[in-house]
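One file, my_file-v2.pdb, carrying PDB, C-alpha atoms, pLDDT in the B column:
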```
ATOM      1  CA  ALA A   1     -33.067 -24.846  -7.885  1.00 65.00           C
ATOM      2  CA  GLN A   2     -32.758 -24.937 -11.627  1.00 71.00           C
ATOM      3  CA  THR A   3     -35.861 -25.744 -13.646  1.00 89.00           C
ATOM      4  CA  VAL A   4     -36.247 -26.419 -17.348  1.00 94.00           C
ATOM      5  CA  THR A   5     -39.533 -25.904 -19.177  1.00 95.00           C
ATOM      6  CA  GLN A   6     -40.518 -27.209 -22.570  1.00 96.00           C
ATOM      7  CA  SER A   7     -43.941 -25.826 -23.386  1.00 95.00           C
ATOM      8  CA  GLN A   8     -44.583 -27.909 -26.520  1.00 96.00           C
ATOM      9  CA  PRO A   9     -45.466 -31.541 -25.701  1.00 95.00           C
ATOM     10  CA  GLU A  10     -45.742 -32.340 -29.412  1.00 96.00           C
ATOM     11  CA  MET A  11     -44.595 -30.763 -32.660  1.00 97.00           C
ATOM     12  CA  SER A  12     -44.962 -31.793 -36.269  1.00 97.00           C
ATOM     13  CA  VAL A  13     -42.970 -30.789 -39.338  1.00 97.00           C
ATOM     14  CA  GLN A  14     -43.047 -31.634 -43.010  1.00 97.00           C
ATOM     15  CA  GLU A  15     -39.973 -33.356 -44.361  1.00 97.00           C
ATOM     16  CA  ALA A  16     -37.393 -30.845 -45.657  1.00 97.00           C
ATOM     17  CA  GLU A  17     -38.952 -27.960 -43.738  1.00 97.00           C
ATOM     18  CA  THR A  18     -37.759 -26.164 -40.625  1.00 98.00           C
ATOM     19  CA  VAL A  19     -39.062 -26.518 -37.083  1.00 98.00           C
ATOM     20  CA  THR A  20     -38.201 -24.748 -33.840  1.00 98.00           C
ATOM     21  CA  LEU A  21     -38.499 -26.360 -30.405  1.00 98.00           C
ATOM     22  CA  SER A  22     -38.801 -24.057 -27.401  1.00 98.00           C
ATOM     23  CA  CYS A  23     -37.059 -24.253 -24.044  1.00 97.00           C
ATOM     24  CA  THR A  24     -36.829 -21.880 -21.111  1.00 97.00           C
ATOM     25  CA  TYR A  25     -34.936 -22.332 -17.886  1.00 95.00           C
ATOM     26  CA  ASP A  26     -34.514 -20.717 -14.539  1.00 93.00           C
ATOM     27  CA  THR A  27     -31.208 -20.279 -12.756  1.00 90.00           C
ATOM     28  CA  SER A  28     -29.329 -17.818 -10.583  1.00 87.00           C
ATOM     29  CA  GLU A  29     -25.948 -18.946 -11.890  1.00 85.00           C
ATOM     30  CA  SER A  30     -24.043 -16.925 -14.460  1.00 83.00           C
ATOM     31  CA  ASP A  31     -21.951 -19.679 -15.980  1.00 84.00           C
ATOM     32  CA  TYR A  32     -23.549 -22.930 -17.054  1.00 88.00           C
ATOM     33  CA  TYR A  33     -24.108 -25.301 -19.958  1.00 91.00           C
ATOM     34  CA  LEU A  34     -27.258 -26.013 -21.921  1.00 94.00           C
ATOM     35  CA  PHE A  35     -27.947 -29.066 -24.058  1.00 94.00           C
ATOM     36  CA  TRP A  36     -30.433 -30.561 -26.445  1.00 96.00           C
ATOM     37  CA  TYR A  37     -30.702 -34.350 -26.424  1.00 94.00           C
ATOM     38  CA  LYS A  38     -32.595 -36.570 -28.822  1.00 96.00           C
ATOM     39  CA  GLN A  39     -34.226 -39.804 -27.663  1.00 94.00           C
ATOM     40  CA  PRO A  40     -35.419 -42.057 -30.503  1.00 93.00           C
ATOM     41  CA  PRO A  41     -37.619 -45.130 -29.897  1.00 89.00           C
ATOM     42  CA  SER A  42     -34.477 -47.064 -28.937  1.00 88.00           C
ATOM     43  CA  ARG A  43     -34.439 -44.797 -25.834  1.00 88.00           C
ATOM     44  CA  GLN A  44     -30.740 -44.069 -26.227  1.00 91.00           C
ATOM     45  CA  MET A  45     -29.959 -40.483 -25.243  1.00 92.00           C
ATOM     46  CA  ILE A  46     -28.081 -38.786 -28.074  1.00 92.00           C
ATOM     47  CA  LEU A  47     -26.461 -35.377 -27.674  1.00 92.00           C
ATOM     48  CA  VAL A  48     -27.616 -33.029 -30.428  1.00 95.00           C
ATOM     49  CA  ILE A  49     -25.999 -29.739 -29.496  1.00 94.00           C
ATOM     50  CA  ARG A  50     -24.633 -27.822 -26.513  1.00 93.00           C
ATOM     51  CA  GLN A  51     -24.120 -24.209 -25.596  1.00 93.00           C
ATOM     52  CA  GLU A  52     -21.819 -22.609 -23.039  1.00 90.00           C
ATOM     53  CA  ALA A  53     -23.576 -19.696 -21.357  1.00 89.00           C
ATOM     54  CA  TYR A  54     -20.508 -17.468 -21.496  1.00 88.00           C
ATOM     55  CA  LYS A  55     -20.433 -17.701 -25.289  1.00 87.00           C
ATOM     56  CA  GLN A  56     -22.605 -15.172 -27.078  1.00 84.00           C
ATOM     57  CA  GLN A  57     -22.403 -16.987 -30.382  1.00 91.00           C
ATOM     58  CA  ASN A  58     -25.170 -19.490 -30.989  1.00 94.00           C
ATOM     59  CA  ALA A  59     -24.003 -23.083 -31.364  1.00 93.00           C
ATOM     60  CA  THR A  60     -24.501 -24.837 -34.695  1.00 93.00           C
ATOM     61  CA  GLU A  61     -24.134 -28.492 -35.660  1.00 93.00           C
ATOM     62  CA  ASN A  62     -24.956 -29.130 -39.315  1.00 95.00           C
ATOM     63  CA  ARG A  63     -28.758 -28.849 -39.630  1.00 97.00           C
ATOM     64  CA  PHE A  64     -29.194 -28.087 -35.919  1.00 97.00           C
ATOM     65  CA  SER A  65     -28.768 -24.638 -34.426  1.00 97.00           C
ATOM     66  CA  VAL A  66     -29.844 -22.870 -31.272  1.00 97.00           C
ATOM     67  CA  ASN A  67     -31.162 -19.435 -30.451  1.00 96.00           C
ATOM     68  CA  PHE A  68     -29.683 -18.700 -27.038  1.00 96.00           C
ATOM     69  CA  GLN A  69     -31.117 -15.642 -25.305  1.00 95.00           C
ATOM     70  CA  LYS A  70     -29.331 -15.470 -21.961  1.00 93.00           C
ATOM     71  CA  ALA A  71     -31.229 -12.504 -20.545  1.00 93.00           C
ATOM     72  CA  ALA A  72     -34.546 -14.123 -21.389  1.00 94.00           C
ATOM     73  CA  LYS A  73     -33.269 -17.553 -20.268  1.00 95.00           C
ATOM     74  CA  SER A  74     -34.418 -19.057 -23.524  1.00 96.00           C
ATOM     75  CA  PHE A  75     -32.709 -21.822 -25.492  1.00 96.00           C
ATOM     76  CA  SER A  76     -34.633 -22.917 -28.594  1.00 97.00           C
ATOM     77  CA  LEU A  77     -33.540 -25.563 -31.084  1.00 98.00           C
ATOM     78  CA  LYS A  78     -33.983 -25.087 -34.817  1.00 98.00           C
ATOM     79  CA  ILE A  79     -33.898 -28.100 -37.110  1.00 98.00           C
ATOM     80  CA  SER A  80     -33.475 -27.216 -40.766  1.00 97.00           C
ATOM     81  CA  ASP A  81     -34.220 -29.479 -43.727  1.00 97.00           C
ATOM     82  CA  SER A  82     -36.013 -31.944 -41.440  1.00 97.00           C
ATOM     83  CA  GLN A  83     -35.480 -35.621 -42.169  1.00 97.00           C
ATOM     84  CA  LEU A  84     -37.557 -38.659 -41.258  1.00 96.00           C
ATOM     85  CA  GLY A  85     -34.765 -39.775 -38.949  1.00 96.00           C
ATOM     86  CA  ASP A  86     -35.198 -36.623 -36.883  1.00 97.00           C
ATOM     87  CA  ALA A  87     -38.444 -37.981 -35.464  1.00 97.00           C
ATOM     88  CA  ALA A  88     -37.872 -38.518 -31.739  1.00 97.00           C
ATOM     89  CA  MET A  89     -38.368 -37.028 -28.291  1.00 96.00           C
ATOM     90  CA  TYR A  90     -36.208 -33.951 -27.790  1.00 97.00           C
ATOM     91  CA  PHE A  91     -35.105 -32.902 -24.332  1.00 95.00           C
ATOM     92  CA  CYS A  92     -33.632 -29.592 -23.312  1.00 96.00           C
ATOM     93  CA  ALA A  93     -31.238 -29.819 -20.363  1.00 94.00           C
ATOM     94  CA  TYR A  94     -29.374 -27.550 -17.988  1.00 92.00           C
ATOM     95  CA  ARG A  95     -26.270 -28.803 -16.321  1.00 87.00           C
ATOM     96  CA  SER A  96     -25.336 -28.140 -12.772  1.00 70.00           C
ATOM     97  CA  ALA A  97     -23.767 -31.208 -11.130  1.00 68.00           C
ATOM     98  CA  GLY A  98     -26.390 -33.501 -12.595  1.00 78.00           C
ATOM     99  CA  MET A  99     -28.454 -32.588 -15.620  1.00 85.00           C
ATOM    100  CA  ARG A 100     -31.878 -31.036 -15.187  1.00 90.00           C
ATOM    101  CA  PHE A 101     -34.132 -32.050 -18.058  1.00 92.00           C
ATOM    102  CA  GLY A 102     -37.325 -30.600 -19.442  1.00 94.00           C
ATOM    103  CA  ALA A 103     -40.376 -32.799 -19.957  1.00 93.00           C
ATOM    104  CA  GLY A 104     -39.598 -33.216 -23.634  1.00 95.00           C
ATOM    105  CA  THR A 105     -41.138 -32.459 -27.018  1.00 97.00           C
ATOM    106  CA  ARG A 106     -42.221 -35.282 -29.296  1.00 96.00           C
ATOM    107  CA  LEU A 107     -41.305 -34.391 -32.867  1.00 97.00           C
ATOM    108  CA  THR A 108     -43.110 -36.042 -35.755  1.00 97.00           C
ATOM    109  CA  VAL A 109     -41.761 -35.691 -39.284  1.00 97.00           C
ATOM    110  CA  LYS A 110     -44.301 -36.099 -42.082  1.00 96.00           C
ATOM    111  CA  PRO A 111     -43.111 -37.446 -45.439  1.00 94.00           C
TER     112      PRO A 111
ATOM    113  CA  ASN B 112     -13.445 -47.464 -26.845  1.00 56.00           C
ATOM    114  CA  ALA B 113     -16.659 -48.872 -25.427  1.00 74.00           C
ATOM    115  CA  GLY B 114     -19.368 -46.477 -24.369  1.00 91.00           C
ATOM    116  CA  VAL B 115     -21.201 -46.443 -21.070  1.00 95.00           C
ATOM    117  CA  MET B 116     -22.494 -49.923 -20.323  1.00 96.00           C
ATOM    118  CA  GLN B 117     -25.486 -50.791 -18.225  1.00 97.00           C
ATOM    119  CA  ASN B 118     -26.765 -54.172 -17.205  1.00 96.00           C
ATOM    120  CA  PRO B 119     -29.133 -55.712 -17.183  1.00 97.00           C
ATOM    121  CA  ARG B 120     -31.014 -53.991 -19.983  1.00 96.00           C
ATOM    122  CA  HIS B 121     -34.290 -55.314 -18.676  1.00 97.00           C
ATOM    123  CA  LEU B 122     -35.058 -56.341 -15.112  1.00 98.00           C
ATOM    124  CA  VAL B 123     -38.288 -57.751 -13.745  1.00 98.00           C
ATOM    125  CA  ARG B 124     -38.914 -57.861 -10.020  1.00 98.00           C
ATOM    126  CA  ARG B 125     -41.890 -58.642  -7.817  1.00 97.00           C
ATOM    127  CA  ARG B 126     -42.997 -56.190  -5.181  1.00 97.00           C
ATOM    128  CA  GLY B 127     -40.777 -56.396  -2.114  1.00 97.00           C
ATOM    129  CA  GLN B 128     -37.727 -57.750  -3.917  1.00 98.00           C
ATOM    130  CA  GLU B 129     -34.450 -55.933  -4.404  1.00 98.00           C
ATOM    131  CA  ALA B 130     -33.214 -54.489  -7.698  1.00 98.00           C
ATOM    132  CA  ARG B 131     -29.523 -53.925  -8.443  1.00 98.00           C
ATOM    133  CA  LEU B 132     -28.632 -51.931 -11.517  1.00 98.00           C
ATOM    134  CA  ARG B 133     -25.049 -51.736 -12.752  1.00 98.00           C
ATOM    135  CA  CYS B 134     -23.231 -49.071 -14.695  1.00 98.00           C
ATOM    136  CA  SER B 135     -19.726 -49.262 -16.109  1.00 97.00           C
ATOM    137  CA  PRO B 136     -18.542 -45.797 -17.133  1.00 96.00           C
ATOM    138  CA  MET B 137     -16.491 -45.062 -20.178  1.00 94.00           C
ATOM    139  CA  LYS B 138     -12.770 -45.691 -19.832  1.00 92.00           C
ATOM    140  CA  GLY B 139     -11.119 -42.787 -18.102  1.00 90.00           C
ATOM    141  CA  HIS B 140     -14.367 -41.431 -16.638  1.00 92.00           C
ATOM    142  CA  SER B 141     -14.510 -41.148 -12.865  1.00 92.00           C
ATOM    143  CA  HIS B 142     -17.826 -39.272 -12.590  1.00 94.00           C
ATOM    144  CA  VAL B 143     -21.109 -41.165 -12.726  1.00 96.00           C
ATOM    145  CA  TYR B 144     -24.679 -39.877 -12.733  1.00 96.00           C
ATOM    146  CA  TRP B 145     -27.946 -41.799 -12.355  1.00 97.00           C
ATOM    147  CA  TYR B 146     -31.263 -40.649 -13.809  1.00 96.00           C
ATOM    148  CA  ARG B 147     -34.783 -42.065 -13.763  1.00 97.00           C
ATOM    149  CA  GLN B 148     -37.275 -41.729 -16.580  1.00 95.00           C
ATOM    150  CA  LEU B 149     -40.918 -42.507 -15.887  1.00 91.00           C
ATOM    151  CA  PRO B 150     -43.140 -43.298 -18.901  1.00 84.00           C
ATOM    152  CA  GLU B 151     -43.833 -40.239 -21.049  1.00 80.00           C
ATOM    153  CA  GLU B 152     -41.620 -38.016 -18.885  1.00 85.00           C
ATOM    154  CA  GLY B 153     -38.158 -36.508 -19.048  1.00 87.00           C
ATOM    155  CA  LEU B 154     -35.146 -37.790 -17.173  1.00 92.00           C
ATOM    156  CA  LYS B 155     -34.934 -36.876 -13.502  1.00 93.00           C
ATOM    157  CA  PHE B 156     -31.555 -36.532 -11.840  1.00 93.00           C
ATOM    158  CA  MET B 157     -31.054 -38.894  -8.921  1.00 95.00           C
ATOM    159  CA  VAL B 158     -27.439 -38.959  -7.799  1.00 96.00           C
ATOM    160  CA  TYR B 159     -23.934 -37.923  -8.785  1.00 95.00           C
ATOM    161  CA  LEU B 160     -20.950 -39.965  -7.669  1.00 95.00           C
ATOM    162  CA  GLN B 161     -17.238 -39.711  -8.051  1.00 93.00           C
ATOM    163  CA  LYS B 162     -15.058 -42.686  -7.209  1.00 87.00           C
ATOM    164  CA  GLU B 163     -16.019 -43.848  -3.691  1.00 87.00           C
ATOM    165  CA  ASN B 164     -17.857 -40.580  -2.945  1.00 93.00           C
ATOM    166  CA  ILE B 165     -21.415 -39.364  -3.272  1.00 94.00           C
ATOM    167  CA  ILE B 166     -21.227 -35.764  -4.462  1.00 93.00           C
ATOM    168  CA  ASP B 167     -24.898 -34.888  -4.876  1.00 92.00           C
ATOM    169  CA  GLU B 168     -27.832 -37.117  -3.931  1.00 93.00           C
ATOM    170  CA  SER B 169     -30.485 -34.437  -3.927  1.00 91.00           C
ATOM    171  CA  GLY B 170     -32.647 -36.391  -6.381  1.00 92.00           C
ATOM    172  CA  MET B 171     -32.605 -39.694  -4.541  1.00 94.00           C
ATOM    173  CA  PRO B 172     -35.688 -40.822  -2.654  1.00 94.00           C
ATOM    174  CA  LYS B 173     -34.951 -40.791   1.057  1.00 90.00           C
ATOM    175  CA  GLU B 174     -35.793 -44.441   1.591  1.00 94.00           C
ATOM    176  CA  ARG B 175     -35.072 -47.725  -0.178  1.00 97.00           C
ATOM    177  CA  PHE B 176     -32.665 -46.210  -2.745  1.00 97.00           C
ATOM    178  CA  SER B 177     -28.890 -46.190  -2.470  1.00 97.00           C
ATOM    179  CA  ALA B 178     -25.963 -45.819  -4.831  1.00 97.00           C
ATOM    180  CA  GLU B 179     -22.293 -46.555  -4.733  1.00 96.00           C
ATOM    181  CA  PHE B 180     -19.273 -46.249  -6.996  1.00 96.00           C
ATOM    182  CA  PRO B 181     -16.479 -48.325  -5.503  1.00 93.00           C
ATOM    183  CA  LYS B 182     -12.815 -47.942  -6.251  1.00 90.00           C
ATOM    184  CA  GLU B 183     -12.965 -51.062  -8.375  1.00 90.00           C
ATOM    185  CA  GLY B 184     -15.944 -52.209 -10.412  1.00 92.00           C
ATOM    186  CA  PRO B 185     -19.142 -50.655 -11.683  1.00 96.00           C
ATOM    187  CA  SER B 186     -21.431 -48.169 -10.046  1.00 97.00           C
ATOM    188  CA  ILE B 187     -24.470 -49.803  -8.454  1.00 98.00           C
ATOM    189  CA  LEU B 188     -27.936 -48.350  -7.982  1.00 98.00           C
ATOM    190  CA  ARG B 189     -29.779 -50.423  -5.425  1.00 98.00           C
ATOM    191  CA  ILE B 190     -33.515 -50.337  -4.809  1.00 98.00           C
ATOM    192  CA  GLN B 191     -34.759 -52.287  -1.813  1.00 97.00           C
ATOM    193  CA  GLN B 192     -38.321 -53.554  -1.386  1.00 97.00           C
ATOM    194  CA  VAL B 193     -39.396 -52.397  -4.822  1.00 97.00           C
ATOM    195  CA  VAL B 194     -42.906 -51.102  -5.427  1.00 97.00           C
ATOM    196  CA  ARG B 195     -44.828 -50.723  -8.677  1.00 95.00           C
ATOM    197  CA  GLY B 196     -44.052 -47.005  -8.753  1.00 94.00           C
ATOM    198  CA  ASP B 197     -40.363 -47.841  -9.149  1.00 96.00           C
ATOM    199  CA  SER B 198     -41.067 -49.176 -12.650  1.00 96.00           C
ATOM    200  CA  ALA B 199     -39.103 -46.903 -14.967  1.00 96.00           C
ATOM    201  CA  ALA B 200     -36.066 -46.660 -17.190  1.00 97.00           C
ATOM    202  CA  TYR B 201     -32.903 -45.936 -15.238  1.00 98.00           C
ATOM    203  CA  PHE B 202     -30.098 -44.246 -17.116  1.00 97.00           C
ATOM    204  CA  CYS B 203     -26.489 -43.898 -16.141  1.00 97.00           C
ATOM    205  CA  ALA B 204     -24.141 -41.281 -17.566  1.00 95.00           C
ATOM    206  CA  SER B 205     -20.418 -40.751 -17.112  1.00 94.00           C
ATOM    207  CA  SER B 206     -17.986 -37.920 -17.679  1.00 92.00           C
ATOM    208  CA  PRO B 207     -14.250 -37.353 -17.195  1.00 90.00           C
ATOM    209  CA  GLY B 208     -14.940 -34.330 -15.035  1.00 85.00           C
ATOM    210  CA  GLN B 209     -17.784 -32.374 -13.512  1.00 78.00           C
ATOM    211  CA  ASP B 210     -17.770 -29.680 -16.182  1.00 74.00           C
ATOM    212  CA  ARG B 211     -17.395 -32.086 -19.060  1.00 78.00           C
ATOM    213  CA  GLU B 212     -19.978 -33.622 -21.357  1.00 82.00           C
ATOM    214  CA  GLN B 213     -21.971 -36.549 -19.998  1.00 89.00           C
ATOM    215  CA  PHE B 214     -22.269 -39.708 -22.074  1.00 91.00           C
ATOM    216  CA  PHE B 215     -25.344 -41.825 -21.512  1.00 94.00           C
ATOM    217  CA  GLY B 216     -25.712 -45.578 -21.330  1.00 95.00           C
ATOM    218  CA  PRO B 217     -28.587 -47.445 -22.996  1.00 94.00           C
ATOM    219  CA  GLY B 218     -30.595 -47.613 -19.783  1.00 96.00           C
ATOM    220  CA  THR B 219     -32.093 -50.395 -17.675  1.00 97.00           C
ATOM    221  CA  ARG B 220     -35.831 -50.858 -17.873  1.00 96.00           C
ATOM    222  CA  LEU B 221     -37.150 -51.998 -14.507  1.00 97.00           C
ATOM    223  CA  THR B 222     -40.577 -53.569 -14.328  1.00 97.00           C
ATOM    224  CA  VAL B 223     -42.127 -54.295 -10.945  1.00 97.00           C
ATOM    225  CA  LEU B 224     -44.948 -56.817 -11.018  1.00 95.00           C
TER     226      LEU B 224
END
```

Could you write out this structure as structure tokens?
Amino acid sequence: AQTVTQSQPEMSVQEAETVTLSCTYDTSESDYYLFWYKQPPSRQMILVIRQEAYKQQNATENRFSVNFQKAAKSFSLKISDSQLGDAAMYFCAYRSAGMRFGAGTRLTVKP
Amino acid sequence: NAGVMQNPRHLVRRRGQEARLRCSPMKGHSHVYWYRQLPEEGLKFMVYLQKENIIDESGMPKERFSAEFPKEGPSILRIQQVVRGDSAAYFCASSPGQDREQFFGPGTRLTVL
């Protein structure tokens, strides 16, 4: 069974600075997808970024980028130039048929 | 192009009643997934359905919970004889194929009194 671990229940960052959220996963599959979702207070799940395991290049979406280490089964999210609107719960997810989510990291952005 | 729709957004039930949660996938999506989120926790996969078929129900509780996705109409998650521990947010997601991105609905918050 696939498991996803987020070891940081809470993180805090100063506005305009950079923060990295950690995620590790366990799987025996060789081809899979990894995701980071953002859940603001509205509770809507918003896709931030995704990574195909067969791609060596790290995915990037504007201020969001990942550090994907396949051998280490690590998938961290880096948020650059943090903004107040980035404050939310962030969930790392592994997709088999259904998504397997980590427990989440609550990110606070300080003005 | 409307997104994934769920209704009701909020549902209150007393212990022992039945809860029916509805999910209309995005147009063109034939794959539906249900997730449950307990307070202060991540989403937990419950069931994956493709039109008229249950593909993976490994996350569904063995009793009281059932799901369907008929040929016509929305997908339904049904909880019989609800208990307080069923109080949670239930999210539906849809995709055009198994290996494609999942789009999430706004969720239904179930409260059991």

- Task: Return the neighbours of chain A among the residues of chain B, cut-off 10 Å, counting all atoms listed in the file, as a PyMOL selection string.
- Result: chain B and resi 143-146+151-160+166-170+200+202+204+209-218

Box for range 78-81 of chain A - axis-aligned, 8 Å on each of the six sides, all listed atoms - centre and size in Å to one decimal, as lines of an AutoDock Vina configuration file.
```
center_x = -33.8
center_y = -27.3
center_z = -39.3
size_x = 16.7
size_y = 20.4
size_z = 24.9
```

- Task: Between CA of His142 in chain B and CA of Ser206 in chain B, measure the distance and give it in Å to one decimal.
- Result: 5.3 Å

Fewer than 4 positions away in the same chain doesn't count, so skip those; otherwise give me all residues within 10 Å of range 219-221 of chain B, counting all atoms listed in the file, as a PDB file with C-alpha atoms, keeping the file's coordinate frame.
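result-v8.pdb was written with the following content:
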```pdb
ATOM      1  CA  MET B 116     -22.494 -49.923 -20.323  1.00 96.00           C
ATOM      2  CA  GLN B 117     -25.486 -50.791 -18.225  1.00 97.00           C
ATOM      3  CA  ASN B 118     -26.765 -54.172 -17.205  1.00 96.00           C
ATOM      4  CA  PRO B 119     -29.133 -55.712 -17.183  1.00 97.00           C
ATOM      5  CA  ARG B 120     -31.014 -53.991 -19.983  1.00 96.00           C
ATOM      6  CA  HIS B 121     -34.290 -55.314 -18.676  1.00 97.00           C
ATOM      7  CA  LEU B 122     -35.058 -56.341 -15.112  1.00 98.00           C
ATOM      8  CA  VAL B 123     -38.288 -57.751 -13.745  1.00 98.00           C
ATOM      9  CA  ARG B 124     -38.914 -57.861 -10.020  1.00 98.00           C
ATOM     10  CA  ALA B 130     -33.214 -54.489  -7.698  1.00 98.00           C
ATOM     11  CA  ARG B 131     -29.523 -53.925  -8.443  1.00 98.00           C
ATOM     12  CA  LEU B 132     -28.632 -51.931 -11.517  1.00 98.00           C
ATOM     13  CA  ARG B 133     -25.049 -51.736 -12.752  1.00 98.00           C
ATOM     14  CA  CYS B 134     -23.231 -49.071 -14.695  1.00 98.00           C
ATOM     15  CA  ARG B 147     -34.783 -42.065 -13.763  1.00 97.00           C
ATOM     16  CA  GLN B 148     -37.275 -41.729 -16.580  1.00 95.00           C
ATOM     17  CA  LEU B 149     -40.918 -42.507 -15.887  1.00 91.00           C
ATOM     18  CA  VAL B 193     -39.396 -52.397  -4.822  1.00 97.00           C
ATOM     19  CA  ARG B 195     -44.828 -50.723  -8.677  1.00 95.00           C
ATOM     20  CA  ASP B 197     -40.363 -47.841  -9.149  1.00 96.00           C
ATOM     21  CA  SER B 198     -41.067 -49.176 -12.650  1.00 96.00           C
ATOM     22  CA  ALA B 199     -39.103 -46.903 -14.967  1.00 96.00           C
ATOM     23  CA  ALA B 200     -36.066 -46.660 -17.190  1.00 97.00           C
ATOM     24  CA  TYR B 201     -32.903 -45.936 -15.238  1.00 98.00           C
ATOM     25  CA  PHE B 202     -30.098 -44.246 -17.116  1.00 97.00           C
ATOM     26  CA  CYS B 203     -26.489 -43.898 -16.141  1.00 97.00           C
TER      27      CYS B 203
END
```

- Task: Counting all atoms listed in the file, write as a VMD selection string all protein and nucleic acid residues lying at most 7 Å from (-42.7, -34.6, -38.1) in the file's frame.
- Result: chain A and resid 11 to 15 87 107 to 110

- How far is it from CA of Gln161 in chain B to CA of Lys138 in chain B, in Å with one decimal? 13.9 Å

- Interatomic distance, CA of Arg63 in chain A to CA of Pro111 in chain A (Å, one decimal):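 We find that CA of Arg63 in chain A and CA of Pro111 in chain A lie 17.7 Å from each other.
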
- Message: Assuming the chain letters and numbering stay as they are in my file, what does the PyMOL selection byres ((chain B and resi 163) around 8) actually select? List them as a list in words.
- Response: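 Applying the PyMOL selection byres ((chain B and resi 163) around 8) to the structure shown produces Leu160, Gln161, Lys162, Asn164, Ile165, Glu179, Phe180, Pro181 and Lys182 of chain B.
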
- Query: What lies within 7 Å of range 70-82 of chain A using all atoms listed in the file, ignoring chain neighbours under 5 positions off, as a list in words?
  - Reply: Glu15, Ala16, Glu17, Thr18, Val19, Thr20, Leu21, Ser22, Cys23, Thr24, Tyr25, Asp26, Arg63, Phe64 and Ser65 of chain A

- Neighbourhood query: residues within 7 Å of (-29.0, -17.0, -29.6), file coordinates, counting only C-alpha atoms; return as a list in words. Gln57, Asn58, Val66, Asn67, Phe68 and Gln69 of chain A

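Across the chains present, the PyMOL selection byres ((chain B and resi 207) around 6) applied to this file returns His140, Ser141, Ser206 and Gly208 of chain B.
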
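Near Arg125 in chain B, within 9 Å and counting only C-alpha atoms, sit Gln192, Val193, Val194, Arg195, Thr222, Val223 and Leu224 of chain B, not including residues fewer than 5 positions from it in the same chain.
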
- Message: Can you translate the PyMOL selection byres ((chain B and resi 191) around 8) into the concrete residues it hits in this file, as a ChimeraX atom specification?
- Response: /B:127-130,175-176,189-190,192-193

May I ask you to restore N, CA, C and O atoms in range 56-66 of chain A and write the result as a PDB file, keeping the file's coordinate frame?
```pdb
ATOM      1  N   GLN A  56     -21.475 -15.884 -26.488  1.00 84.00           N
ATOM      2  CA  GLN A  56     -22.605 -15.172 -27.078  1.00 84.00           C
ATOM      3  C   GLN A  56     -23.032 -15.794 -28.400  1.00 84.00           C
ATOM      4  O   GLN A  56     -24.197 -15.721 -28.780  1.00 84.00           O
ATOM      5  N   GLN A  57     -22.085 -16.418 -29.078  1.00 91.00           N
ATOM      6  CA  GLN A  57     -22.403 -16.987 -30.382  1.00 91.00           C
ATOM      7  C   GLN A  57     -23.249 -18.232 -30.221  1.00 91.00           C
ATOM      8  O   GLN A  57     -22.950 -19.114 -29.414  1.00 91.00           O
ATOM      9  N   ASN A  58     -24.297 -18.326 -31.031  1.00 94.00           N
ATOM     10  CA  ASN A  58     -25.170 -19.490 -30.989  1.00 94.00           C
ATOM     11  C   ASN A  58     -24.483 -20.712 -31.577  1.00 94.00           C
ATOM     12  O   ASN A  58     -23.844 -20.634 -32.629  1.00 94.00           O
ATOM     13  N   ALA A  59     -24.616 -21.852 -30.891  1.00 93.00           N
ATOM     14  CA  ALA A  59     -24.003 -23.083 -31.364  1.00 93.00           C
ATOM     15  C   ALA A  59     -24.728 -23.606 -32.597  1.00 93.00           C
ATOM     16  O   ALA A  59     -25.948 -23.442 -32.746  1.00 93.00           O
ATOM     17  N   THR A  60     -23.959 -24.245 -33.469  1.00 93.00           N
ATOM     18  CA  THR A  60     -24.501 -24.837 -34.695  1.00 93.00           C
ATOM     19  C   THR A  60     -23.828 -26.178 -34.929  1.00 93.00           C
ATOM     20  O   THR A  60     -22.607 -26.302 -34.760  1.00 93.00           O
ATOM     21  N   GLU A  61     -24.648 -27.168 -35.286  1.00 93.00           N
ATOM     22  CA  GLU A  61     -24.134 -28.492 -35.660  1.00 93.00           C
ATOM     23  C   GLU A  61     -24.912 -28.962 -36.893  1.00 93.00           C
ATOM     24  O   GLU A  61     -26.003 -29.500 -36.791  1.00 93.00           O
ATOM     25  N   ASN A  62     -24.330 -28.729 -38.054  1.00 95.00           N
ATOM     26  CA  ASN A  62     -24.956 -29.130 -39.315  1.00 95.00           C
ATOM     27  C   ASN A  62     -26.362 -28.527 -39.416  1.00 95.00           C
ATOM     28  O   ASN A  62     -26.499 -27.309 -39.469  1.00 95.00           O
ATOM     29  N   ARG A  63     -27.396 -29.355 -39.455  1.00 97.00           N
ATOM     30  CA  ARG A  63     -28.758 -28.849 -39.630  1.00 97.00           C
ATOM     31  C   ARG A  63     -29.383 -28.323 -38.333  1.00 97.00           C
ATOM     32  O   ARG A  63     -30.507 -27.828 -38.335  1.00 97.00           O
ATOM     33  N   PHE A  64     -28.671 -28.469 -37.229  1.00 97.00           N
ATOM     34  CA  PHE A  64     -29.194 -28.087 -35.919  1.00 97.00           C
ATOM     35  C   PHE A  64     -28.514 -26.803 -35.442  1.00 97.00           C
ATOM     36  O   PHE A  64     -27.291 -26.691 -35.491  1.00 97.00           O
ATOM     37  N   SER A  65     -29.316 -25.881 -34.981  1.00 97.00           N
ATOM     38  CA  SER A  65     -28.768 -24.638 -34.426  1.00 97.00           C
ATOM     39  C   SER A  65     -29.645 -24.196 -33.263  1.00 97.00           C
ATOM     40  O   SER A  65     -30.795 -24.642 -33.130  1.00 97.00           O
ATOM     41  N   VAL A  66     -29.077 -23.359 -32.417  1.00 97.00           N
ATOM     42  CA  VAL A  66     -29.844 -22.870 -31.272  1.00 97.00           C
ATOM     43  C   VAL A  66     -29.960 -21.354 -31.336  1.00 97.00           C
ATOM     44  O   VAL A  66     -29.154 -20.677 -31.972  1.00 97.00           O
TER      45      VAL A  66
END
```
